[in-house]
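> Next up, protein_23.pdb (PDB, C-alpha atoms).
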ATOM      1  CA  MET A 201     -42.261  50.071 -54.843
ATOM      2  CA  LYS A 202     -39.451  51.474 -52.737
ATOM      3  CA  SER A 203     -35.853  51.801 -53.844
ATOM      4  CA  LEU A 204     -32.825  50.418 -52.094
ATOM      5  CA  VAL A 205     -29.561  52.344 -51.801
ATOM      6  CA  ILE A 206     -26.437  50.269 -51.217
ATOM      7  CA  THR A 207     -22.959  51.691 -50.695
ATOM      8  CA  PRO A 208     -20.291  49.017 -51.137
ATOM      9  CA  ARG A 209     -17.202  49.383 -48.978
ATOM     10  CA  THR A 210     -14.778  47.977 -51.544
ATOM     11  CA  GLN A 211     -14.468  47.478 -55.297
ATOM     12  CA  GLU A 212     -14.862  43.731 -54.753
ATOM     13  CA  GLU A 213     -18.163  44.252 -52.925
ATOM     14  CA  SER A 214     -19.329  46.493 -55.753
ATOM     15  CA  LYS A 215     -18.526  43.816 -58.345
ATOM     16  CA  LEU A 216     -20.243  41.115 -56.268
ATOM     17  CA  ILE A 217     -23.401  43.187 -55.772
ATOM     18  CA  ASN A 218     -23.550  44.148 -59.449
ATOM     19  CA  SER A 219     -23.073  40.509 -60.435
ATOM     20  CA  LEU A 220     -25.886  39.401 -58.121
ATOM     21  CA  LEU A 221     -28.216  42.105 -59.419
ATOM     22  CA  LYS A 222     -27.438  41.088 -62.999
ATOM     23  CA  GLN A 223     -28.267  37.450 -62.177
ATOM     24  CA  LEU A 224     -31.570  38.595 -60.679
ATOM     25  CA  GLY A 225     -32.374  40.633 -63.788
ATOM     26  CA  ILE A 226     -32.176  43.936 -61.926
ATOM     27  CA  THR A 227     -30.517  46.929 -63.571
ATOM     28  CA  PRO A 228     -28.665  49.000 -60.948
ATOM     29  CA  SER A 229     -28.476  52.789 -61.158
ATOM     30  CA  LYS A 230     -25.416  54.577 -59.850
ATOM     31  CA  ILE A 231     -25.738  57.999 -58.221
ATOM     32  CA  SER A 232     -23.067  60.458 -57.186
ATOM     33  CA  VAL A 233     -22.386  61.606 -53.641
ATOM     34  CA  GLU A 234     -23.958  64.965 -54.550
ATOM     35  CA  GLU A 235     -27.125  63.230 -55.775
ATOM     36  CA  MET A 236     -27.240  61.187 -52.559
ATOM     37  CA  GLU A 237     -26.981  64.405 -50.511
ATOM     38  CA  ASP A 238     -29.772  65.971 -52.593
ATOM     39  CA  LEU A 239     -32.026  62.966 -51.966
ATOM     40  CA  THR A 240     -31.304  63.105 -48.237
ATOM     41  CA  LEU A 241     -32.041  66.846 -48.112
ATOM     42  CA  ALA A 242     -35.292  66.347 -50.035
ATOM     43  CA  LYS A 243     -36.317  63.605 -47.602
ATOM     44  CA  LEU A 244     -35.604  65.856 -44.602
ATOM     45  CA  MET A 245     -37.444  68.788 -46.194
ATOM     46  CA  SER A 246     -40.540  66.658 -46.756
ATOM     47  CA  LYS A 247     -40.706  65.981 -42.999
ATOM     48  CA  VAL A 248     -40.526  69.665 -41.982
ATOM     49  CA  ASP A 249     -43.434  71.187 -40.066
ATOM     50  CA  LYS A 250     -45.135  73.377 -42.667
ATOM     51  CA  SER A 251     -47.913  74.598 -40.391
ATOM     52  CA  LYS A 252     -46.007  77.619 -39.060
ATOM     53  CA  LYS A 253     -45.984  80.778 -41.181
ATOM     54  CA  VAL A 254     -43.453  83.602 -40.992
ATOM     55  CA  THR A 255     -43.381  86.986 -42.625
ATOM     56  CA  LYS A 256     -40.877  88.192 -45.175
ATOM     57  CA  ASP A 257     -39.507  90.643 -42.587
ATOM     58  CA  GLU A 258     -38.897  87.836 -40.084
ATOM     59  CA  ILE A 259     -36.913  85.916 -42.689
ATOM     60  CA  PHE A 260     -34.749  88.926 -43.520
ATOM     61  CA  GLN A 261     -34.168  89.639 -39.817
ATOM     62  CA  LYS A 262     -32.859  86.083 -39.363
ATOM     63  CA  LEU A 263     -30.678  86.357 -42.473
ATOM     64  CA  ASN A 264     -29.241  89.679 -41.282
ATOM     65  CA  GLY A 265     -28.521  88.286 -37.821
ATOM     66  CA  LYS A 266     -30.912  90.575 -35.958
TER      67      LYS A 266
END
I need this file expressed as structure tokens, please.

Amino acid sequence: MKSLVITPRTQEESKLINSLLKQLGITPSKISVEEMEDLTLAKLMSKVDKSKKVTKDEIFQKLNGK
């Protein structure tokens, strides 16, 4: 099953959503902004084209700005 991420705009919205989830018997999990960024980065990384290979030297050339 997929997860759903909801970001309330106000404290009142947060209370309303939490109340609704409680009535439905669903336990919400809160995540920090940093955790949300990590999840987004992981999602983007999973979509990267992994078919191209580069050498160690090519990586260091890019890192050194050459």
> Give me, please, the distance in Å between atom CA of Met236 of chain A and atom CA of Gln223 of chain A, quoted to one decimal.
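Pair atom CA of Met236 of chain A / atom CA of Gln223 of chain A returns 25.6 Å.
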> Go ahead and compute the interatomic distance for atom CA of Arg209 of chain A and atom CA of Leu221 of chain A, in Å to one decimal.
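Interatomic distance here is 16.8 Å.
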> To one decimal place, how far is atom CA of Pro228 of chain A from atom CA of Thr240 of chain A in Å?
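Spanning atom CA of Pro228 of chain A to atom CA of Thr240 of chain A is a straight-line distance of 19.2 Å.
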> How would segment 205-229 of chain A of the given structure read as a file with N, CA and C atoms, as a compact mmCIF listing (two decimals), in the first residue's frame?

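Resulting contents of decode-v5.txt:
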# COMPACT_ATOMS: atom_id res chain seq x y z
N VAL A 205 1.34 11.72 2.08
CA VAL A 205 1.99 12.80 2.83
C VAL A 205 1.11 14.03 2.72
N ILE A 206 0.73 14.57 3.86
CA ILE A 206 -0.13 15.76 3.91
C ILE A 206 0.59 16.83 4.72
N THR A 207 0.63 18.04 4.17
CA THR A 207 1.24 19.16 4.89
C THR A 207 0.16 20.21 5.17
N PRO A 208 -0.35 20.23 6.39
CA PRO A 208 -1.37 21.22 6.73
C PRO A 208 -0.81 22.63 6.66
N ARG A 209 -1.66 23.57 6.28
CA ARG A 209 -1.22 24.96 6.17
C ARG A 209 -1.30 25.70 7.50
N THR A 210 -2.18 25.24 8.38
CA THR A 210 -2.36 25.91 9.67
C THR A 210 -2.43 24.88 10.78
N GLN A 211 -2.35 25.35 12.02
CA GLN A 211 -2.48 24.48 13.19
C GLN A 211 -3.89 23.89 13.25
N GLU A 212 -4.88 24.70 12.86
CA GLU A 212 -6.27 24.21 12.86
C GLU A 212 -6.45 23.07 11.87
N GLU A 213 -5.86 23.19 10.68
CA GLU A 213 -5.93 22.11 9.70
C GLU A 213 -5.27 20.85 10.25
N SER A 214 -4.15 21.03 10.91
CA SER A 214 -3.43 19.90 11.48
C SER A 214 -4.31 19.17 12.51
N LYS A 215 -4.96 19.93 13.38
CA LYS A 215 -5.83 19.33 14.38
C LYS A 215 -7.00 18.62 13.73
N LEU A 216 -7.60 19.22 12.70
CA LEU A 216 -8.73 18.62 12.00
C LEU A 216 -8.33 17.31 11.33
N ILE A 217 -7.20 17.32 10.64
CA ILE A 217 -6.72 16.11 9.95
C ILE A 217 -6.41 15.01 10.96
N ASN A 218 -5.73 15.36 12.04
CA ASN A 218 -5.40 14.37 13.07
C ASN A 218 -6.66 13.80 13.70
N SER A 219 -7.66 14.65 13.92
CA SER A 219 -8.93 14.19 14.48
C SER A 219 -9.62 13.22 13.53
N LEU A 220 -9.64 13.55 12.25
CA LEU A 220 -10.26 12.68 11.25
C LEU A 220 -9.55 11.33 11.18
N LEU A 221 -8.22 11.37 11.16
CA LEU A 221 -7.45 10.13 11.11
C LEU A 221 -7.72 9.27 12.34
N LYS A 222 -7.82 9.91 13.50
CA LYS A 222 -8.11 9.17 14.73
C LYS A 222 -9.48 8.50 14.64
N GLN A 223 -10.47 9.22 14.11
CA GLN A 223 -11.81 8.65 13.95
C GLN A 223 -11.80 7.46 12.99
N LEU A 224 -10.92 7.50 12.00
CA LEU A 224 -10.82 6.42 11.03
C LEU A 224 -9.95 5.27 11.52
N GLY A 225 -9.35 5.44 12.69
CA GLY A 225 -8.49 4.39 13.24
C GLY A 225 -7.12 4.34 12.60
N ILE A 226 -6.69 5.46 12.05
CA ILE A 226 -5.39 5.55 11.39
C ILE A 226 -4.43 6.32 12.29
N THR A 227 -3.25 5.75 12.51
CA THR A 227 -2.24 6.42 13.33
C THR A 227 -1.30 7.20 12.42
N PRO A 228 -1.33 8.54 12.51
CA PRO A 228 -0.44 9.34 11.66
C PRO A 228 1.00 9.30 12.17
N SER A 229 1.94 9.47 11.25
CA SER A 229 3.35 9.58 11.59
C SER A 229 3.84 10.94 11.13
